Amino acid sequence: MKIATFNVNGITARLPTLLRWLEESRPDIACLQELKAPQERFPEAAIREAGYGFAWHGQKSWNGVAILARGADPVERRRVLPGDPEDLHSRYIEATVGDIVVGCLYLPNGNPAPGPKFDYKLRWFDRLSARAAELVAREEPVVLAGDYNVIPEARDAEFPAAWEGDALFRPQTREAFRALKWLGFSDAYLEADGAPGAYTFWDYQAGAFQRDDGIRIDHLALSPEAADRLRGAAVLRYTRSWEKPSDHVPVAVDLDLG
DNA sequence: ATGTCTCGATCCTCGAGA
């Protein structure tokens, strides 16, 4: 079973690219982030035509997350991360697909740091960890996939010094990411491959992709029961060279599940 | 720091966010 995560940076502008990727890569489950469209503007017909059922949580202008399943309808469990009724950003959706629990997340960027946006990022991270602790206690295969906006280690950036002090690389951010690890979740790419240079994001500006000025910030965290079944992982760098690319590329993992 | 992109309001361009 191939499970992938892809920050599309606008599902309306990215629809042709998304459809091409679904057709060529045929993930069984696709977690999408940064859809930037209100709930009623999801391209339902095109996604169904491509062979996918879906659950999605939209928002005007910003955020927005979706879980797609090939030949199946994901069973939505929740569309809000618990712990803050005043947080109205659509950054989390959770569903089951067969026997697997999938959480699709778009963690706040958090810049400028320090500041209120960084505080929000850390609070959001705490809420994610609390939810992750609940999920891991069930001893089921769980995948928490998405744009974490976290550079876990210096090796996950081509120019780590340029990210010193940035919300994506601050010690507190990296510590919060490690908290998921201490709960029992593993970084699928690291476990299955781990080769350096597997960046998932390059800024559109200043020729960042041409200089390979990238960072690895899109991750799939696996519960122990999912990690037991991990067979491989891949970062689909080539999609960054397509027409009208997202600034992120998909990351896919292969799990030996049903 | 910025050589870009997307969205939305409103408008034929700009600000915000990333």
# chains A, B, ... in the order shown; residues from 1 in each chain; ligands from 1
>>> interface_residues(of="chain B", to="chain A", cutoff="7 Å", atoms="only C-alpha atoms (C1' of nucleotides)", output="PyMOL selection string")
chain B and resi 2-7
>>> select_by_dssp(residues="stretch 87-131 of chain A", states="helix (DSSP H, G or I)", output="list in words")
Pro116, Lys117, Phe118, Asp119, Tyr120, Lys121, Leu122, Arg123, Trp124, Phe125, Asp126, Arg127, Leu128, Ser129, Ala130 and Arg131 of chain A
>>> select_by_dssp(residues="stretch 182-240 of chain A", states="strand (DSSP E or B)", output="PyMOL selection string")
chain A and resi 186-187+201-202+214-215+218-222+230-235
>>> atom_distance(atom1="atom CA of A:Ala145", atom2="atom CA of A:Leu32")
9.0 Å
>>> residues_around(residues="A:His248", least_positions_apart="2", cutoff="12 Å", atoms="only C-alpha atoms (C1' of nucleotides)", output="compact mmCIF listing (two decimals) with all heavy atoms, in the first residue's frame")
# COMPACT_ATOMS: atom_id res chain seq x y z
N THR A 5 2.17 11.98 0.88
CA THR A 5 1.75 13.32 1.34
C THR A 5 2.27 14.34 0.34
O THR A 5 3.37 14.18 -0.21
CB THR A 5 2.28 13.62 2.76
OG1 THR A 5 1.84 14.92 3.15
CG2 THR A 5 3.80 13.58 2.83
N PHE A 6 1.46 15.37 0.10
CA PHE A 6 1.80 16.35 -0.94
C PHE A 6 1.15 17.70 -0.58
O PHE A 6 -0.07 17.80 -0.56
CB PHE A 6 1.29 15.85 -2.30
CG PHE A 6 1.68 16.67 -3.50
CD1 PHE A 6 2.71 17.60 -3.47
CD2 PHE A 6 1.00 16.49 -4.71
CE1 PHE A 6 3.06 18.34 -4.59
CE2 PHE A 6 1.34 17.23 -5.84
CZ PHE A 6 2.37 18.15 -5.78
N ASN A 7 1.99 18.68 -0.31
CA ASN A 7 1.50 20.05 -0.14
C ASN A 7 1.39 20.65 -1.55
O ASN A 7 2.40 20.89 -2.21
CB ASN A 7 2.47 20.86 0.73
CG ASN A 7 2.02 22.31 0.89
OD1 ASN A 7 1.50 22.91 -0.05
ND2 ASN A 7 2.22 22.88 2.06
N VAL A 8 0.15 20.87 -2.00
CA VAL A 8 -0.07 21.25 -3.40
C VAL A 8 -0.01 22.75 -3.64
O VAL A 8 0.08 23.19 -4.77
CB VAL A 8 -1.42 20.70 -3.92
CG1 VAL A 8 -1.39 19.18 -3.94
CG2 VAL A 8 -2.60 21.23 -3.13
N ASN A 9 -0.07 23.55 -2.58
CA ASN A 9 -0.07 25.02 -2.72
C ASN A 9 -1.17 25.50 -3.66
O ASN A 9 -0.90 26.13 -4.68
CB ASN A 9 1.30 25.53 -3.18
CG ASN A 9 1.40 27.04 -3.15
OD1 ASN A 9 0.64 27.70 -2.44
ND2 ASN A 9 2.31 27.59 -3.93
N GLY A 10 -2.41 25.21 -3.28
CA GLY A 10 -3.57 25.68 -4.06
C GLY A 10 -4.11 24.59 -4.97
O GLY A 10 -3.52 24.32 -6.01
N ARG A 14 -3.40 23.97 -8.91
CA ARG A 14 -2.54 22.79 -9.05
C ARG A 14 -3.28 21.57 -9.59
O ARG A 14 -2.69 20.50 -9.69
CB ARG A 14 -1.95 22.41 -7.67
CG ARG A 14 -0.63 21.66 -7.74
CD ARG A 14 0.50 22.50 -8.21
NE ARG A 14 0.61 23.68 -7.37
CZ ARG A 14 0.91 24.89 -7.83
NH1 ARG A 14 1.15 25.07 -9.12
NH2 ARG A 14 0.98 25.92 -7.02
N THR A 17 -1.58 19.37 -12.26
CA THR A 17 -0.40 18.73 -11.69
C THR A 17 -0.79 17.60 -10.75
O THR A 17 -0.20 16.51 -10.78
CB THR A 17 0.44 19.78 -10.93
OG1 THR A 17 0.71 20.87 -11.81
CG2 THR A 17 1.74 19.20 -10.43
N LEU A 18 -1.80 17.85 -9.92
CA LEU A 18 -2.26 16.82 -8.99
C LEU A 18 -2.78 15.60 -9.74
O LEU A 18 -2.45 14.46 -9.39
CB LEU A 18 -3.36 17.42 -8.09
CG LEU A 18 -4.10 16.43 -7.19
CD1 LEU A 18 -3.14 15.80 -6.16
CD2 LEU A 18 -5.26 17.12 -6.47
N LEU A 32 -3.22 15.59 1.26
CA LEU A 32 -2.94 16.85 0.59
C LEU A 32 -3.06 18.00 1.58
O LEU A 32 -3.92 17.98 2.46
CB LEU A 32 -3.91 17.09 -0.57
CG LEU A 32 -4.08 15.95 -1.58
CD1 LEU A 32 -5.11 16.36 -2.64
CD2 LEU A 32 -2.76 15.58 -2.22
N GLN A 33 -2.20 18.99 1.40
CA GLN A 33 -2.25 20.18 2.27
C GLN A 33 -2.18 21.46 1.45
O GLN A 33 -1.81 21.44 0.29
CB GLN A 33 -1.08 20.18 3.27
CG GLN A 33 -0.97 18.94 4.13
CD GLN A 33 -0.14 17.88 3.46
OE1 GLN A 33 0.78 18.18 2.73
NE2 GLN A 33 -0.47 16.62 3.70
N GLU A 34 -2.50 22.55 2.13
CA GLU A 34 -2.50 23.90 1.56
C GLU A 34 -3.36 23.97 0.32
O GLU A 34 -2.91 24.36 -0.76
CB GLU A 34 -1.07 24.40 1.29
CG GLU A 34 -0.77 25.65 2.10
CD GLU A 34 0.53 26.34 1.75
OE1 GLU A 34 1.56 25.66 1.65
OE2 GLU A 34 0.50 27.58 1.58
N GLY A 146 2.13 14.79 6.51
CA GLY A 146 1.82 16.14 6.09
C GLY A 146 3.03 17.05 6.05
O GLY A 146 4.18 16.61 6.11
N ASP A 147 2.69 18.34 5.93
CA ASP A 147 3.70 19.40 5.95
C ASP A 147 3.88 19.80 7.40
O ASP A 147 3.06 20.52 7.95
CB ASP A 147 3.23 20.57 5.08
CG ASP A 147 4.21 21.73 5.11
OD1 ASP A 147 5.24 21.64 5.81
OD2 ASP A 147 3.94 22.74 4.44
N TYR A 148 4.97 19.30 8.00
CA TYR A 148 5.23 19.59 9.42
C TYR A 148 5.88 20.95 9.62
O TYR A 148 5.96 21.43 10.76
CB TYR A 148 6.14 18.51 10.02
CG TYR A 148 5.43 17.23 10.40
CD1 TYR A 148 4.99 16.32 9.43
CD2 TYR A 148 5.18 16.92 11.73
CE1 TYR A 148 4.34 15.15 9.78
CE2 TYR A 148 4.52 15.75 12.10
CZ TYR A 148 4.12 14.87 11.13
OH TYR A 148 3.47 13.71 11.49
N ASN A 149 6.38 21.55 8.55
CA ASN A 149 7.14 22.79 8.69
C ASN A 149 8.24 22.65 9.74
O ASN A 149 8.46 23.55 10.57
CB ASN A 149 6.21 23.97 8.99
CG ASN A 149 5.71 24.66 7.72
OD1 ASN A 149 6.48 24.94 6.81
ND2 ASN A 149 4.41 24.91 7.66
N ALA A 198 17.40 14.61 0.39
CA ALA A 198 16.05 14.29 -0.06
C ALA A 198 15.10 15.42 0.34
O ALA A 198 14.23 15.25 1.19
CB ALA A 198 15.59 12.97 0.53
N TYR A 199 15.28 16.56 -0.27
CA TYR A 199 14.48 17.71 0.11
C TYR A 199 13.08 17.61 -0.46
O TYR A 199 12.86 17.00 -1.51
CB TYR A 199 15.17 19.00 -0.35
CG TYR A 199 16.60 19.07 0.13
CD1 TYR A 199 17.64 19.34 -0.75
CD2 TYR A 199 16.90 18.80 1.46
CE1 TYR A 199 18.95 19.36 -0.30
CE2 TYR A 199 18.22 18.82 1.91
CZ TYR A 199 19.24 19.10 1.03
OH TYR A 199 20.53 19.10 1.47
N THR A 200 12.14 18.24 0.25
CA THR A 200 10.73 18.18 -0.18
C THR A 200 10.19 19.57 -0.49
O THR A 200 9.05 19.69 -0.94
CB THR A 200 9.85 17.54 0.91
OG1 THR A 200 9.82 18.39 2.06
CG2 THR A 200 10.39 16.16 1.30
N PHE A 201 10.97 20.61 -0.25
CA PHE A 201 10.53 21.99 -0.49
C PHE A 201 11.70 22.83 -0.96
O PHE A 201 12.80 22.74 -0.39
CB PHE A 201 9.95 22.59 0.80
CG PHE A 201 9.72 24.08 0.73
CD1 PHE A 201 8.52 24.61 0.27
CD2 PHE A 201 10.73 24.97 1.11
CE1 PHE A 201 8.33 25.98 0.19
CE2 PHE A 201 10.54 26.34 1.04
CZ PHE A 201 9.33 26.85 0.58
N TRP A 202 11.44 23.62 -1.98
CA TRP A 202 12.37 24.65 -2.43
C TRP A 202 11.54 25.89 -2.67
O TRP A 202 10.53 25.86 -3.38
CB TRP A 202 13.06 24.27 -3.75
CG TRP A 202 13.86 23.00 -3.72
CD1 TRP A 202 15.22 22.90 -3.60
CD2 TRP A 202 13.39 21.65 -3.86
NE1 TRP A 202 15.61 21.58 -3.65
CE2 TRP A 202 14.51 20.80 -3.81
CE3 TRP A 202 12.11 21.09 -4.01
CZ2 TRP A 202 14.39 19.41 -3.91
CZ3 TRP A 202 11.99 19.71 -4.11
CH2 TRP A 202 13.13 18.88 -4.07
N ASP A 203 11.98 27.02 -2.14
CA ASP A 203 11.29 28.29 -2.36
C ASP A 203 11.19 28.58 -3.86
O ASP A 203 12.07 28.20 -4.63
CB ASP A 203 12.08 29.40 -1.66
CG ASP A 203 11.25 30.63 -1.41
OD1 ASP A 203 10.81 31.27 -2.39
OD2 ASP A 203 11.03 30.96 -0.24
N TYR A 204 10.11 29.23 -4.24
CA TYR A 204 9.98 29.64 -5.64
C TYR A 204 11.00 30.72 -6.00
O TYR A 204 11.31 30.92 -7.17
CB TYR A 204 8.59 30.21 -5.90
CG TYR A 204 7.45 29.21 -5.98
CD1 TYR A 204 6.35 29.31 -5.14
CD2 TYR A 204 7.45 28.21 -6.95
CE1 TYR A 204 5.29 28.44 -5.23
CE2 TYR A 204 6.38 27.32 -7.05
CZ TYR A 204 5.30 27.44 -6.19
OH TYR A 204 4.25 26.57 -6.29
N PHE A 209 15.48 26.10 -6.38
CA PHE A 209 15.53 24.71 -6.87
C PHE A 209 16.77 24.48 -7.73
O PHE A 209 17.45 23.45 -7.60
CB PHE A 209 14.25 24.38 -7.66
CG PHE A 209 14.19 22.95 -8.12
CD1 PHE A 209 14.24 21.91 -7.20
CD2 PHE A 209 14.07 22.64 -9.47
CE1 PHE A 209 14.19 20.58 -7.61
CE2 PHE A 209 14.02 21.31 -9.88
CZ PHE A 209 14.07 20.28 -8.95
N GLY A 214 17.29 23.42 -0.77
CA GLY A 214 16.05 22.79 -0.33
C GLY A 214 16.07 22.41 1.14
O GLY A 214 17.10 22.48 1.82
N ILE A 215 14.89 22.00 1.62
CA ILE A 215 14.74 21.50 2.99
C ILE A 215 13.77 20.32 3.00
O ILE A 215 12.88 20.24 2.15
CB ILE A 215 14.24 22.60 3.97
CG1 ILE A 215 13.00 23.31 3.41
CG2 ILE A 215 15.35 23.60 4.26
CD1 ILE A 215 12.42 24.38 4.34
N ARG A 216 13.96 19.44 3.95
CA ARG A 216 13.05 18.29 4.10
C ARG A 216 12.09 18.59 5.25
O ARG A 216 12.48 18.53 6.42
CB ARG A 216 13.86 17.01 4.39
CG ARG A 216 13.02 15.73 4.28
CD ARG A 216 13.89 14.49 4.45
NE ARG A 216 14.34 14.30 5.80
CZ ARG A 216 13.70 13.58 6.74
NH1 ARG A 216 12.58 12.96 6.44
NH2 ARG A 216 14.19 13.48 7.96
N ILE A 217 10.86 18.94 4.88
CA ILE A 217 9.88 19.36 5.90
C ILE A 217 8.56 18.62 5.81
O ILE A 217 7.67 18.82 6.64
CB ILE A 217 9.61 20.88 5.84
CG1 ILE A 217 9.09 21.31 4.46
CG2 ILE A 217 10.86 21.67 6.22
CD1 ILE A 217 8.66 22.78 4.41
N ASP A 218 8.40 17.77 4.79
CA ASP A 218 7.17 16.98 4.65
C ASP A 218 7.49 15.56 5.12
O ASP A 218 8.41 14.92 4.61
CB ASP A 218 6.70 16.98 3.19
CG ASP A 218 6.35 18.38 2.73
OD1 ASP A 218 7.27 19.11 2.28
OD2 ASP A 218 5.17 18.76 2.86
N HIS A 219 6.73 15.07 6.08
CA HIS A 219 7.09 13.83 6.76
C HIS A 219 5.88 12.91 6.93
O HIS A 219 4.74 13.38 7.00
CB HIS A 219 7.66 14.14 8.15
CG HIS A 219 8.77 15.15 8.15
ND1 HIS A 219 10.00 14.92 7.57
CD2 HIS A 219 8.82 16.43 8.64
CE1 HIS A 219 10.77 16.00 7.73
NE2 HIS A 219 10.07 16.93 8.37
N VAL A 235 11.10 10.23 -2.08
CA VAL A 235 10.75 11.65 -2.28
C VAL A 235 10.71 11.88 -3.79
O VAL A 235 11.69 11.60 -4.48
CB VAL A 235 11.80 12.56 -1.61
CG1 VAL A 235 11.52 14.02 -1.94
CG2 VAL A 235 11.80 12.35 -0.10
N LEU A 236 9.60 12.38 -4.29
CA LEU A 236 9.39 12.46 -5.73
C LEU A 236 9.87 13.81 -6.27
O LEU A 236 9.08 14.64 -6.76
CB LEU A 236 7.92 12.22 -6.07
CG LEU A 236 7.35 10.91 -5.48
CD1 LEU A 236 5.92 10.69 -5.97
CD2 LEU A 236 8.22 9.71 -5.80
N ARG A 237 11.17 13.99 -6.20
CA ARG A 237 11.81 15.24 -6.58
C ARG A 237 11.47 15.67 -8.01
O ARG A 237 11.33 16.86 -8.29
CB ARG A 237 13.32 15.09 -6.43
CG ARG A 237 14.14 16.19 -7.10
CD ARG A 237 15.63 15.86 -7.06
NE ARG A 237 16.18 16.13 -5.76
CZ ARG A 237 16.94 17.20 -5.47
NH1 ARG A 237 17.23 18.09 -6.39
NH2 ARG A 237 17.41 17.39 -4.27
N TYR A 238 11.33 14.71 -8.91
CA TYR A 238 11.15 15.03 -10.32
C TYR A 238 9.91 15.87 -10.59
O TYR A 238 9.86 16.60 -11.56
CB TYR A 238 11.12 13.75 -11.17
CG TYR A 238 10.01 12.80 -10.82
CD1 TYR A 238 8.77 12.91 -11.44
CD2 TYR A 238 10.21 11.81 -9.87
CE1 TYR A 238 7.74 12.03 -11.12
CE2 TYR A 238 9.18 10.95 -9.53
CZ TYR A 238 7.95 11.06 -10.15
OH TYR A 238 6.94 10.20 -9.82
N THR A 239 8.93 15.79 -9.70
CA THR A 239 7.71 16.57 -9.95
C THR A 239 7.96 18.07 -9.84
O THR A 239 7.16 18.87 -10.32
CB THR A 239 6.58 16.18 -8.97
OG1 THR A 239 6.98 16.51 -7.64
CG2 THR A 239 6.28 14.70 -9.05
N ARG A 240 9.08 18.45 -9.21
CA ARG A 240 9.39 19.88 -9.09
C ARG A 240 9.79 20.48 -10.44
O ARG A 240 9.79 21.71 -10.60
CB ARG A 240 10.49 20.08 -8.04
CG ARG A 240 10.74 21.52 -7.61
CD ARG A 240 9.52 22.13 -6.96
NE ARG A 240 9.82 23.35 -6.21
CZ ARG A 240 10.10 24.53 -6.74
NH1 ARG A 240 10.13 24.67 -8.04
NH2 ARG A 240 10.34 25.58 -5.96
N SER A 241 10.13 19.62 -11.40
CA SER A 241 10.51 20.09 -12.74
C SER A 241 9.32 20.13 -13.70
O SER A 241 9.49 20.52 -14.85
CB SER A 241 11.59 19.17 -13.33
OG SER A 241 12.72 19.14 -12.48
N TRP A 242 8.15 19.74 -13.23
CA TRP A 242 6.97 19.78 -14.08
C TRP A 242 6.51 21.21 -14.32
O TRP A 242 6.91 22.14 -13.60
CB TRP A 242 5.82 19.00 -13.43
CG TRP A 242 5.99 17.51 -13.46
CD1 TRP A 242 7.03 16.80 -14.01
CD2 TRP A 242 5.11 16.55 -12.88
NE1 TRP A 242 6.83 15.46 -13.81
CE2 TRP A 242 5.66 15.26 -13.13
CE3 TRP A 242 3.90 16.62 -12.18
CZ2 TRP A 242 5.04 14.09 -12.71
CZ3 TRP A 242 3.28 15.45 -11.77
CH2 TRP A 242 3.85 14.21 -12.03
N LYS A 244 4.17 24.27 -13.90
CA LYS A 244 3.38 24.74 -12.76
C LYS A 244 3.53 23.85 -11.52
O LYS A 244 2.56 23.30 -11.00
CB LYS A 244 1.90 24.84 -13.14
CG LYS A 244 1.65 25.87 -14.22
CD LYS A 244 0.64 26.95 -13.94
CE LYS A 244 -0.42 26.69 -12.94
NZ LYS A 244 -1.15 27.93 -12.57
N PRO A 245 4.76 23.68 -11.04
CA PRO A 245 4.94 22.81 -9.87
C PRO A 245 4.49 23.49 -8.59
O PRO A 245 4.47 24.73 -8.49
CB PRO A 245 6.45 22.59 -9.85
CG PRO A 245 7.01 23.85 -10.42
CD PRO A 245 6.03 24.29 -11.48
N SER A 246 4.15 22.69 -7.61
CA SER A 246 4.05 23.20 -6.24
C SER A 246 5.46 23.54 -5.77
O SER A 246 6.45 23.11 -6.37
CB SER A 246 3.44 22.13 -5.34
OG SER A 246 3.53 22.52 -3.97
N PRO A 250 5.86 15.51 -3.54
CA PRO A 250 5.28 14.43 -2.73
C PRO A 250 6.36 13.54 -2.09
O PRO A 250 7.45 13.38 -2.63
CB PRO A 250 4.47 13.61 -3.75
CG PRO A 250 4.31 14.48 -4.96
CD PRO A 250 5.53 15.36 -4.97
N VAL A 251 5.98 12.97 -0.95
CA VAL A 251 6.76 11.92 -0.31
C VAL A 251 5.84 10.71 -0.20
O VAL A 251 4.68 10.85 0.21
CB VAL A 251 7.24 12.32 1.10
CG1 VAL A 251 8.14 11.24 1.69
CG2 VAL A 251 7.95 13.66 1.08
P DA B 18 1.68 31.90 6.98
OP1 DA B 18 0.90 30.84 7.61
OP2 DA B 18 2.53 32.78 7.80
O5' DA B 18 2.60 31.24 5.86
C5' DA B 18 1.99 30.46 4.84
C4' DA B 18 3.01 30.18 3.78
O4' DA B 18 3.28 31.39 3.03
C3' DA B 18 4.37 29.70 4.29
O3' DA B 18 4.71 28.48 3.67
C2' DA B 18 5.33 30.80 3.88
C1' DA B 18 4.64 31.36 2.66
N9 DA B 18 5.10 32.68 2.29
C8 DA B 18 5.38 33.75 3.09
N7 DA B 18 5.81 34.80 2.45
C5 DA B 18 5.84 34.40 1.12
C6 DA B 18 6.20 35.05 -0.07
N6 DA B 18 6.63 36.29 -0.13
N1 DA B 18 6.08 34.35 -1.23
C2 DA B 18 5.64 33.09 -1.17
N3 DA B 18 5.28 32.38 -0.11
C4 DA B 18 5.39 33.10 1.01
>>> residues_around(residues="A:Arg174", least_positions_apart="3", cutoff="10 Å", atoms="only C-alpha atoms (C1' of nucleotides)", output="ChimeraX atom specification")
/A:150-153,167-171,177-179
>>> residues_around(residues="A:Glu40", least_positions_apart="4", cutoff="12 Å", atoms="only C-alpha atoms (C1' of nucleotides)", output="PDB file with N, CA and C atoms, in the first residue's frame")
ATOM      1  N   LYS A  36      -6.135  25.821  -0.041  1.00  0.00           N
ATOM      2  CA  LYS A  36      -6.476  27.229  -0.315  1.00  0.00           C
ATOM      3  C   LYS A  36      -7.786  27.385  -1.068  1.00  0.00           C
ATOM      4  N   GLU A  44     -14.521  17.933  -6.842  1.00  0.00           N
ATOM      5  CA  GLU A  44     -15.003  16.581  -6.581  1.00  0.00           C
ATOM      6  C   GLU A  44     -15.031  15.711  -7.832  1.00  0.00           C
ATOM      7  N   TRP A  56     -12.403  15.946   2.982  1.00  0.00           N
ATOM      8  CA  TRP A  56     -11.587  17.144   2.990  1.00  0.00           C
ATOM      9  C   TRP A  56     -12.192  18.241   3.836  1.00  0.00           C
ATOM     10  N   HIS A  57     -11.310  19.125   4.286  1.00  0.00           N
ATOM     11  CA  HIS A  57     -11.689  20.238   5.141  1.00  0.00           C
ATOM     12  C   HIS A  57     -11.100  21.500   4.532  1.00  0.00           C
ATOM     13  N   GLY A  58     -11.941  22.287   3.918  1.00  0.00           N
ATOM     14  CA  GLY A  58     -11.467  23.468   3.222  1.00  0.00           C
ATOM     15  C   GLY A  58     -11.529  24.731   4.074  1.00  0.00           C
ATOM     16  N   GLN A  59     -10.959  25.788   3.528  1.00  0.00           N
ATOM     17  CA  GLN A  59     -11.003  27.105   4.170  1.00  0.00           C
ATOM     18  C   GLN A  59     -10.683  28.133   3.098  1.00  0.00           C
ATOM     19  N   LYS A  60     -11.380  29.255   3.150  1.00  0.00           N
ATOM     20  CA  LYS A  60     -11.131  30.302   2.178  1.00  0.00           C
ATOM     21  C   LYS A  60      -9.695  30.821   2.288  1.00  0.00           C
ATOM     22  N   GLY A  64      -6.340  24.223   4.520  1.00  0.00           N
ATOM     23  CA  GLY A  64      -7.112  23.228   3.782  1.00  0.00           C
ATOM     24  C   GLY A  64      -6.342  21.923   3.640  1.00  0.00           C
TER      25      GLY A  64
END
>>> atom_distance(atom1="atom CA of A:Arg78", atom2="atom CA of A:Ala95")
7.0 Å
>>> atom_distance(atom1="atom CA of A:Asp187", atom2="atom CA of A:Tyr106")
16.2 Å
